[in-house]
Amino acid sequence: MASPALSPLEVIVAALIVLGVVKSFLHRKRSQYHPGPPGLPLVGNTFQVPPKSWNYFKSLGLKYGPVVHISVGGDNVLLLSRALEANELLDKRSAIYSSRPRSIYAGKYQSQGKRTVIMPYGPTLRRHRAIFQQLLQTKSIGAYEIYQDAGSVKLLHDILTQPDDTFMNVHRFSASLIFQLTYGRRLEGDDKDLKAVLRVLENFVREITPGSHLVDALPILDILPDLLAPWRVKALKAHEEEMKLYFRLAKEVKTKMDTGGSNAECFLAHIWEEQEKLDIDEKEIAYVGGTAFEAGTGTTADSILWFLAAALLFPDPIHRAQQEIDAIVGDRMPTFADFKDMPYCAALVKEIFRWCPSIPGMPHASDRDDNFQGYRVDKGTVIMPNIWGMHHDEEKFDPSRYLCSENSDPEALSFEGLVDGHYLFGFGRRICPGRYLASKSVWLAVTRILWAFSILPVVDIDGKPILPDMSKCSGGVTNTPDEFPVRLVCRSEERANTVRQATENIIY
Ligand code: HEM
């Protein structure tokens, strides 16, 4: 007699049991790993990790030490709460610790293995990184200042004319800049492309948030056919949709080049030109463009939004920065050329990066067995540097911590220095290749907003200021503040006129 077919639920339960048995066979003595909190049989610490995990990780660091071992979804995870150990593993031993955790939903299916940020270490990743390094190295990014300048003028103008739309204005600044640099054209006035790419970005960030997909914790579920794995169908559909968009945008650049239209100076024009030498296929080109957009847009916008939150919570350092700007430029709009004369503003930007990192920690993974501090680190261990925890002193916002003798000497000040003294941009071979571009964009937006506007809280019916609540932010991979009320009031009619005039003169 034929046995009845298993229901999807029974298949999952059976898979869990098989996995549990196999794991318990393979289980090594807990004491061989770094110390950490006890977990439950089979699921380890999986259900102990809250969605906004940074505070929890920090508390584990205080209890168990700077390197904590937990087990999530059957994977070994090492939490690093101190820069010393993060540098040791992710920088000094980067030959082992530069991969990414397994990602079946977002990596294998949604991105078809072509998305730089979540790609395992290997030849494709090295090829992508070489492209990014070339486009974003310090000597290349001088050429992008014209776009940062124009974009930040437009940001000030948008704030003047749409004062109630601060969050959207900041997102538009960051998105338009990266879009222009990537595809060589401005976003359309009706923001159709902006909305489409922001939608892809939002979906993607959601999909890579740890715990979003059971299959990433239980890879055995990937053997199920599509009928029993609707998540796979959804991931493949998401791939089709994002590919359609990224491919259209990439092809537009190619068509323009082929038809002798203005030879847009942009990342994609450069990549198409060198396609053969770079040995990169069309799908990958589309994803490199999409990755630049995804990696650079939300992160830059979030840093500027956290600056506005800091301005409401800590008005004193903000006034000090405004005094410095006023003393140096008066009613003239600050430019990149003023950077060296405004050390406090440079320190302020670094303090924003430290105080609230827009990526609180990006996981690496090991691709061979290792031993660290006498404990075993198995191949495939997820290494989570708690950047938020390493930086954190939530109560104190004090840019002068960065006004060391190096910073007090104007000659020693450099844009490159904005990426030092904190870990916002990650570690080792996976360090953010866009860090120099991003920190210059944030510096220009911050100093220009400070020059043009007073940043004030909205008051409630009792006249009490409504201040941002730091705990109201997205969890997961990015740290985006929930929308908070803020009033940006132009500091003088002269400065408003300067902004209007500069807007009329934008040419690019
Ligand atoms: C304030 C803005 C930004 C922040 C906070 C930020 C932060 C980060 C972090 C933490 C990582 C992961 C590092 C690691 O794994 O150790 C990363 C990766 C990356 N970032 Fe950025 N980033 C920013 C802006 C940008 C920009 C403007 C671009 C390009 C236009 C960019 C391109 C990338 C790429 C391609 C990766 C993937 C690198 C890899 O996986 O090997 N980022 N970024």
# chains A, B, ... in the order shown; residues from 1 in each chain; ligands from 1
>>> residues_near_ligand(ligand="ligand 1", cutoff="7 Å", atoms="only C-alpha atoms and all ligand atoms", output="PyMOL selection string")
chain A and resi 116-119+125+129+132+178+291-293+295-297+299-300+303+357-359+361-364+424-435+437-439
>>> write_last_selection(atoms="N, CA and C atoms", output="mmCIF file, in the first residue's frame")
data_model
loop_
_atom_site.group_PDB
_atom_site.id
_atom_site.type_symbol
_atom_site.label_atom_id
_atom_site.label_comp_id
_atom_site.auth_asym_id
_atom_site.auth_seq_id
_atom_site.Cartn_x
_atom_site.Cartn_y
_atom_site.Cartn_z
ATOM 1 N N THR A 116 26.777 42.786 -4.981
ATOM 2 C CA THR A 116 28.075 42.913 -4.313
ATOM 3 C C THR A 116 27.996 42.779 -2.792
ATOM 4 N N VAL A 117 27.080 43.531 -2.196
ATOM 5 C CA VAL A 117 27.082 43.666 -0.731
ATOM 6 C C VAL A 117 26.938 42.330 0.004
ATOM 7 N N ILE A 118 26.163 41.390 -0.595
ATOM 8 C CA ILE A 118 25.942 40.133 0.133
ATOM 9 C C ILE A 118 26.655 38.945 -0.517
ATOM 10 N N MET A 119 27.560 39.253 -1.432
ATOM 11 C CA MET A 119 28.256 38.199 -2.176
ATOM 12 C C MET A 119 29.332 37.528 -1.312
ATOM 13 N N LEU A 125 33.483 38.812 -6.416
ATOM 14 C CA LEU A 125 33.503 39.916 -5.451
ATOM 15 C C LEU A 125 34.727 40.791 -5.690
ATOM 16 N N ARG A 129 34.686 44.731 -6.506
ATOM 17 C CA ARG A 129 35.350 45.698 -5.621
ATOM 18 C C ARG A 129 36.389 46.507 -6.383
ATOM 19 N N PHE A 132 34.531 49.279 -8.021
ATOM 20 C CA PHE A 132 34.143 50.323 -7.063
ATOM 21 C C PHE A 132 35.352 51.130 -6.591
ATOM 22 N N ILE A 178 23.568 59.993 -6.082
ATOM 23 C CA ILE A 178 24.097 58.677 -6.482
ATOM 24 C C ILE A 178 23.548 58.287 -7.855
ATOM 25 N N THR A 291 23.763 48.228 -7.094
ATOM 26 C CA THR A 291 24.436 48.160 -5.790
ATOM 27 C C THR A 291 24.934 49.532 -5.357
ATOM 28 N N ALA A 292 25.503 50.292 -6.307
ATOM 29 C CA ALA A 292 25.986 51.639 -5.955
ATOM 30 C C ALA A 292 24.818 52.424 -5.388
ATOM 31 N N PHE A 293 23.688 52.301 -6.059
ATOM 32 C CA PHE A 293 22.521 53.053 -5.618
ATOM 33 C C PHE A 293 22.039 52.569 -4.250
ATOM 34 N N ALA A 295 23.624 50.814 -1.926
ATOM 35 C CA ALA A 295 24.560 50.945 -0.802
ATOM 36 C C ALA A 295 24.776 52.404 -0.417
ATOM 37 N N GLY A 296 24.624 53.307 -1.396
ATOM 38 C CA GLY A 296 25.007 54.694 -1.124
ATOM 39 C C GLY A 296 23.873 55.622 -0.771
ATOM 40 N N THR A 297 22.637 55.215 -1.058
ATOM 41 C CA THR A 297 21.540 56.180 -0.926
ATOM 42 C C THR A 297 21.001 56.299 0.504
ATOM 43 N N THR A 299 22.074 55.048 3.290
ATOM 44 C CA THR A 299 23.103 55.250 4.305
ATOM 45 C C THR A 299 23.489 56.738 4.413
ATOM 46 N N THR A 300 23.640 57.394 3.252
ATOM 47 C CA THR A 300 24.016 58.817 3.268
ATOM 48 C C THR A 300 22.864 59.638 3.849
ATOM 49 N N SER A 303 22.561 59.335 7.662
ATOM 50 C CA SER A 303 23.550 60.108 8.435
ATOM 51 C C SER A 303 23.109 61.564 8.553
ATOM 52 N N PRO A 357 25.571 55.364 14.074
ATOM 53 C CA PRO A 357 25.976 54.776 12.800
ATOM 54 C C PRO A 357 24.771 54.293 11.988
ATOM 55 N N SER A 358 24.717 54.701 10.727
ATOM 56 C CA SER A 358 23.540 54.328 9.928
ATOM 57 C C SER A 358 23.571 52.840 9.540
ATOM 58 N N ILE A 359 24.735 52.202 9.665
ATOM 59 C CA ILE A 359 24.758 50.719 9.627
ATOM 60 C C ILE A 359 25.362 50.281 10.952
ATOM 61 N N GLY A 361 26.081 47.457 12.148
ATOM 62 C CA GLY A 361 26.991 46.299 12.115
ATOM 63 C C GLY A 361 26.670 45.474 10.885
ATOM 64 N N MET A 362 27.689 45.166 10.088
ATOM 65 C CA MET A 362 27.445 44.382 8.872
ATOM 66 C C MET A 362 28.188 43.057 9.038
ATOM 67 N N PRO A 363 27.500 41.919 8.919
ATOM 68 C CA PRO A 363 28.159 40.652 9.207
ATOM 69 C C PRO A 363 29.173 40.228 8.151
ATOM 70 N N HIS A 364 30.288 39.687 8.596
ATOM 71 C CA HIS A 364 31.236 38.986 7.727
ATOM 72 C C HIS A 364 31.040 37.494 8.023
ATOM 73 N N LEU A 424 32.269 53.387 11.277
ATOM 74 C CA LEU A 424 31.026 53.469 10.511
ATOM 75 C C LEU A 424 31.095 52.714 9.189
ATOM 76 N N PHE A 425 32.264 52.703 8.571
ATOM 77 C CA PHE A 425 32.345 52.143 7.220
ATOM 78 C C PHE A 425 32.850 50.694 7.189
ATOM 79 N N GLY A 426 32.902 50.068 8.338
ATOM 80 C CA GLY A 426 33.204 48.639 8.365
ATOM 81 C C GLY A 426 34.687 48.329 8.400
ATOM 82 N N PHE A 427 35.030 47.115 7.953
ATOM 83 C CA PHE A 427 36.366 46.574 8.228
ATOM 84 C C PHE A 427 36.966 45.831 7.038
ATOM 85 N N GLY A 428 38.296 45.795 7.042
ATOM 86 C CA GLY A 428 39.075 44.873 6.217
ATOM 87 C C GLY A 428 38.753 44.934 4.729
ATOM 88 N N ARG A 429 38.719 43.751 4.125
ATOM 89 C CA ARG A 429 38.527 43.669 2.670
ATOM 90 C C ARG A 429 37.112 43.997 2.242
ATOM 91 N N ARG A 430 36.184 44.120 3.207
ATOM 92 C CA ARG A 430 34.806 44.488 2.846
ATOM 93 C C ARG A 430 34.522 45.941 3.229
ATOM 94 N N ILE A 431 35.533 46.700 3.640
ATOM 95 C CA ILE A 431 35.267 48.088 4.046
ATOM 96 C C ILE A 431 34.552 48.827 2.921
ATOM 97 N N CYS A 432 33.690 49.760 3.297
ATOM 98 C CA CYS A 432 32.868 50.457 2.301
ATOM 99 C C CYS A 432 33.739 51.187 1.273
ATOM 100 N N PRO A 433 33.600 50.843 -0.016
ATOM 101 C CA PRO A 433 34.408 51.552 -1.015
ATOM 102 C C PRO A 433 33.906 52.978 -1.273
ATOM 103 N N GLY A 434 32.662 53.286 -0.791
ATOM 104 C CA GLY A 434 32.105 54.631 -1.045
ATOM 105 C C GLY A 434 32.350 55.600 0.097
ATOM 106 N N ARG A 435 33.253 55.217 1.055
ATOM 107 C CA ARG A 435 33.364 55.997 2.293
ATOM 108 C C ARG A 435 33.841 57.435 2.071
ATOM 109 N N LEU A 437 33.525 59.322 -0.694
ATOM 110 C CA LEU A 437 32.449 60.074 -1.361
ATOM 111 C C LEU A 437 31.354 60.409 -0.340
ATOM 112 N N ALA A 438 30.950 59.400 0.438
ATOM 113 C CA ALA A 438 29.840 59.579 1.373
ATOM 114 C C ALA A 438 30.174 60.628 2.424
ATOM 115 N N SER A 439 31.412 60.577 2.966
ATOM 116 C CA SER A 439 31.683 61.519 4.052
ATOM 117 C C SER A 439 31.784 62.951 3.515
#
>>> residues_around(residues="A:Arg127", least_positions_apart="3", cutoff="9 Å", atoms="only C-alpha atoms", output="PyMOL selection string")
chain A and resi 122-124+130-132+278-280
>>> write_last_selection(atoms="C-alpha atoms", output="CSV table (one decimal), in the first residue's frame")
chain,number,residue,atom,x,y,z
A,122,GLY,CA,35.8,35.1,-4.3
A,123,PRO,CA,36.8,36.2,-7.8
A,124,THR,CA,33.4,37.9,-8.6
A,130,ALA,CA,38.1,46.6,-8.1
A,131,ILE,CA,35.5,48.5,-10.1
A,132,PHE,CA,34.1,50.3,-7.1
A,278,LEU,CA,36.7,43.9,-16.7
A,279,ASP,CA,35.3,40.6,-18.0
A,280,ILE,CA,31.8,41.5,-16.7
>>> closest_residue(among="A:Glu207, A:Asp469, A:Asp462, A:Glu252", to="A:Arg185", atoms="only C-alpha atoms")
A:Glu252
>>> residues_around(residues="A:Ala321", least_positions_apart="6", cutoff="9 Å", atoms="only C-alpha atoms", output="PDB file with C-alpha atoms, in the first residue's frame")
ATOM      1  CA  MET A 342      36.419  74.721   9.799  1.00  0.00           C
ATOM      2  CA  TYR A 344      34.896  71.986  14.376  1.00  0.00           C
ATOM      3  CA  CYS A 345      32.558  71.152  11.462  1.00  0.00           C
ATOM      4  CA  LEU A 348      30.974  67.432  14.147  1.00  0.00           C
ATOM      5  CA  THR A 447      27.654  72.584   6.810  1.00  0.00           C
ATOM      6  CA  LEU A 450      23.881  74.809   9.358  1.00  0.00           C
TER       7      LEU A 450
END
>>> closest_residue(among="A:Pro399, A:Pro51, A:Gly417, A:Gly261", to="A:Lys440", atoms="only C-alpha atoms")
A:Gly417
>>> residues_around(residues="A:Ala347", least_positions_apart="5", cutoff="12 Å", atoms="only C-alpha atoms", output="PDB file with C-alpha atoms, in the first residue's frame")
ATOM      1  CA  PRO A 317      27.626  71.898  19.734  1.00  0.00           C
ATOM      2  CA  ILE A 318      25.387  72.833  16.821  1.00  0.00           C
ATOM      3  CA  ARG A 320      29.317  76.257  18.059  1.00  0.00           C
ATOM      4  CA  ALA A 321      29.509  74.829  14.527  1.00  0.00           C
ATOM      5  CA  GLU A 324      32.549  78.678  13.166  1.00  0.00           C
ATOM      6  CA  PHE A 339      36.945  72.528   4.762  1.00  0.00           C
ATOM      7  CA  LYS A 340      40.375  73.116   6.283  1.00  0.00           C
ATOM      8  CA  MET A 342      36.419  74.721   9.799  1.00  0.00           C
ATOM      9  CA  ILE A 352      27.535  62.218  13.963  1.00  0.00           C
ATOM     10  CA  PHE A 353      29.086  59.112  12.384  1.00  0.00           C
ATOM     11  CA  ARG A 354      30.120  57.872  15.824  1.00  0.00           C
ATOM     12  CA  TRP A 355      26.972  58.786  17.736  1.00  0.00           C
ATOM     13  CA  PHE A 397      27.403  64.127  21.918  1.00  0.00           C
ATOM     14  CA  ASP A 398      30.701  65.941  21.922  1.00  0.00           C
ATOM     15  CA  PRO A 399      32.448  66.747  18.619  1.00  0.00           C
ATOM     16  CA  SER A 400      35.426  68.160  20.497  1.00  0.00           C
ATOM     17  CA  ARG A 401      36.539  64.577  21.234  1.00  0.00           C
ATOM     18  CA  TYR A 402      37.780  64.684  17.610  1.00  0.00           C
ATOM     19  CA  LEU A 403      39.493  68.051  17.982  1.00  0.00           C
ATOM     20  CA  CYS A 404      42.829  66.487  18.738  1.00  0.00           C
ATOM     21  CA  SER A 405      46.046  68.251  17.891  1.00  0.00           C
ATOM     22  CA  GLU A 406      45.921  66.664  14.440  1.00  0.00           C
ATOM     23  CA  ASN A 407      42.572  68.290  13.784  1.00  0.00           C
ATOM     24  CA  SER A 408      43.506  71.647  15.278  1.00  0.00           C
ATOM     25  CA  LEU A 413      42.845  68.318   8.148  1.00  0.00           C
ATOM     26  CA  SER A 414      41.791  66.276   5.157  1.00  0.00           C
ATOM     27  CA  PHE A 415      38.554  64.842   3.805  1.00  0.00           C
ATOM     28  CA  GLY A 417      40.414  61.968   7.814  1.00  0.00           C
ATOM     29  CA  LEU A 418      36.598  62.003   8.138  1.00  0.00           C
ATOM     30  CA  VAL A 419      36.615  58.215   7.918  1.00  0.00           C
ATOM     31  CA  ASP A 420      39.071  57.791  10.819  1.00  0.00           C
ATOM     32  CA  GLY A 421      38.362  57.543  14.538  1.00  0.00           C
ATOM     33  CA  HIS A 422      35.181  55.454  14.168  1.00  0.00           C
ATOM     34  CA  SER A 439      31.683  61.519   4.052  1.00  0.00           C
ATOM     35  CA  TRP A 443      30.008  67.180   5.304  1.00  0.00           C
ATOM     36  CA  VAL A 446      25.597  69.381   7.081  1.00  0.00           C
ATOM     37  CA  THR A 447      27.654  72.584   6.810  1.00  0.00           C
TER      38      THR A 447
END
>>> atom_distance(atom1="atom CA of A:Pro465", atom2="atom CA of A:Asp316")
16.0 Å
>>> residues_around(residues="A:Asn87", least_positions_apart="5", cutoff="12 Å", atoms="only C-alpha atoms", output="JSON list (two decimals) with C-alpha atoms, in the first residue's frame")
[["chain", "number", "residue", "atom", "x", "y", "z"],
["A", 80, "LEU", "CA", 32.55, 41.49, 18.58],
["A", 81, "SER", "CA", 31.95, 44.42, 20.86],
["A", 82, "ARG", "CA", 35.47, 45.87, 20.84],
["A", 92, "LYS", "CA", 44.63, 41.30, 10.18],
["A", 93, "ARG", "CA", 43.04, 37.93, 9.37],
["A", 94, "SER", "CA", 41.01, 39.24, 6.44],
["A", 97, "TYR", "CA", 37.07, 36.61, 7.53],
["A", 383, "ILE", "CA", 31.25, 37.45, 12.55],
["A", 385, "PRO", "CA", 31.07, 43.53, 14.63],
["A", 387, "ILE", "CA", 29.71, 48.97, 15.39],
["A", 390, "MET", "CA", 31.84, 49.97, 19.84],
["A", 423, "TYR", "CA", 34.06, 52.23, 12.43],
["A", 426, "GLY", "CA", 33.20, 48.64, 8.36],
["A", 427, "PHE", "CA", 36.37, 46.57, 8.23],
["A", 428, "GLY", "CA", 39.08, 44.87, 6.22],
["A", 429, "ARG", "CA", 38.53, 43.67, 2.67],
["A", 431, "ILE", "CA", 35.27, 48.09, 4.05]]
>>> closest_residue(among="A:Val349, A:Leu156, A:Leu42, A:Met243", to="A:Leu488", atoms="only C-alpha atoms")
A:Leu156
>>> residues_around(residues="A:Gly330", least_positions_apart="3", cutoff="12 Å", atoms="only C-alpha atoms", output="list in words")
Gln322, Gln323, Glu324, Ile325, Asp326, Ala327, Met333, Pro334, Asp338, Arg448, Leu450, Trp451, Ala452, Arg491, Ser492, Glu494, Arg495 and Thr498 of chain A
>>> closest_residue(among="A:Leu62, A:Val43, A:Ala238, A:Ile146", to="A:Gly389", atoms="only C-alpha atoms")
A:Leu62
>>> select_by_dssp(residues="stretch 92-304 of chain A", states="alpha helix (DSSP H)", output="ChimeraX atom specification")
/A:123-136,138-141,145-161,166-183,192-208,214-217,230-258,267-273,275-278,282-304
>>> select_by_dssp(residues="stretch 210-425 of chain A", states="strand (DSSP E)", output="PyMOL selection string")
chain A and resi 364-365+370-372+375-377+382-385
>>> residues_around(residues="stretch 230-232 of chain A", least_positions_apart="4", cutoff="8 Å", atoms="only C-alpha atoms", output="ChimeraX atom specification")
/A:105,109,226,236
>>> write_last_selection(atoms="N, CA and C atoms", output="PDB file, in the first residue's frame")
ATOM      1  N   TYR A 105      17.614  33.294   0.272  1.00  0.00           N
ATOM      2  CA  TYR A 105      16.508  34.073  -0.301  1.00  0.00           C
ATOM      3  C   TYR A 105      17.055  35.262  -1.100  1.00  0.00           C
ATOM      4  N   TYR A 109      18.576  33.565  -4.774  1.00  0.00           N
ATOM      5  CA  TYR A 109      17.429  33.696  -5.684  1.00  0.00           C
ATOM      6  C   TYR A 109      17.159  35.148  -6.096  1.00  0.00           C
ATOM      7  N   ASP A 226       8.984  24.198  -5.819  1.00  0.00           N
ATOM      8  CA  ASP A 226       8.343  25.524  -5.771  1.00  0.00           C
ATOM      9  C   ASP A 226       6.958  25.491  -5.119  1.00  0.00           C
ATOM     10  N   LEU A 236      12.196  34.996  -6.793  1.00  0.00           N
ATOM     11  CA  LEU A 236      12.510  35.035  -8.231  1.00  0.00           C
ATOM     12  C   LEU A 236      11.739  36.157  -8.919  1.00  0.00           C
TER      13      LEU A 236
END
>>> atom_distance(atom1="atom CA of A:Cys356", atom2="atom CA of A:Asp75")
28.3 Å
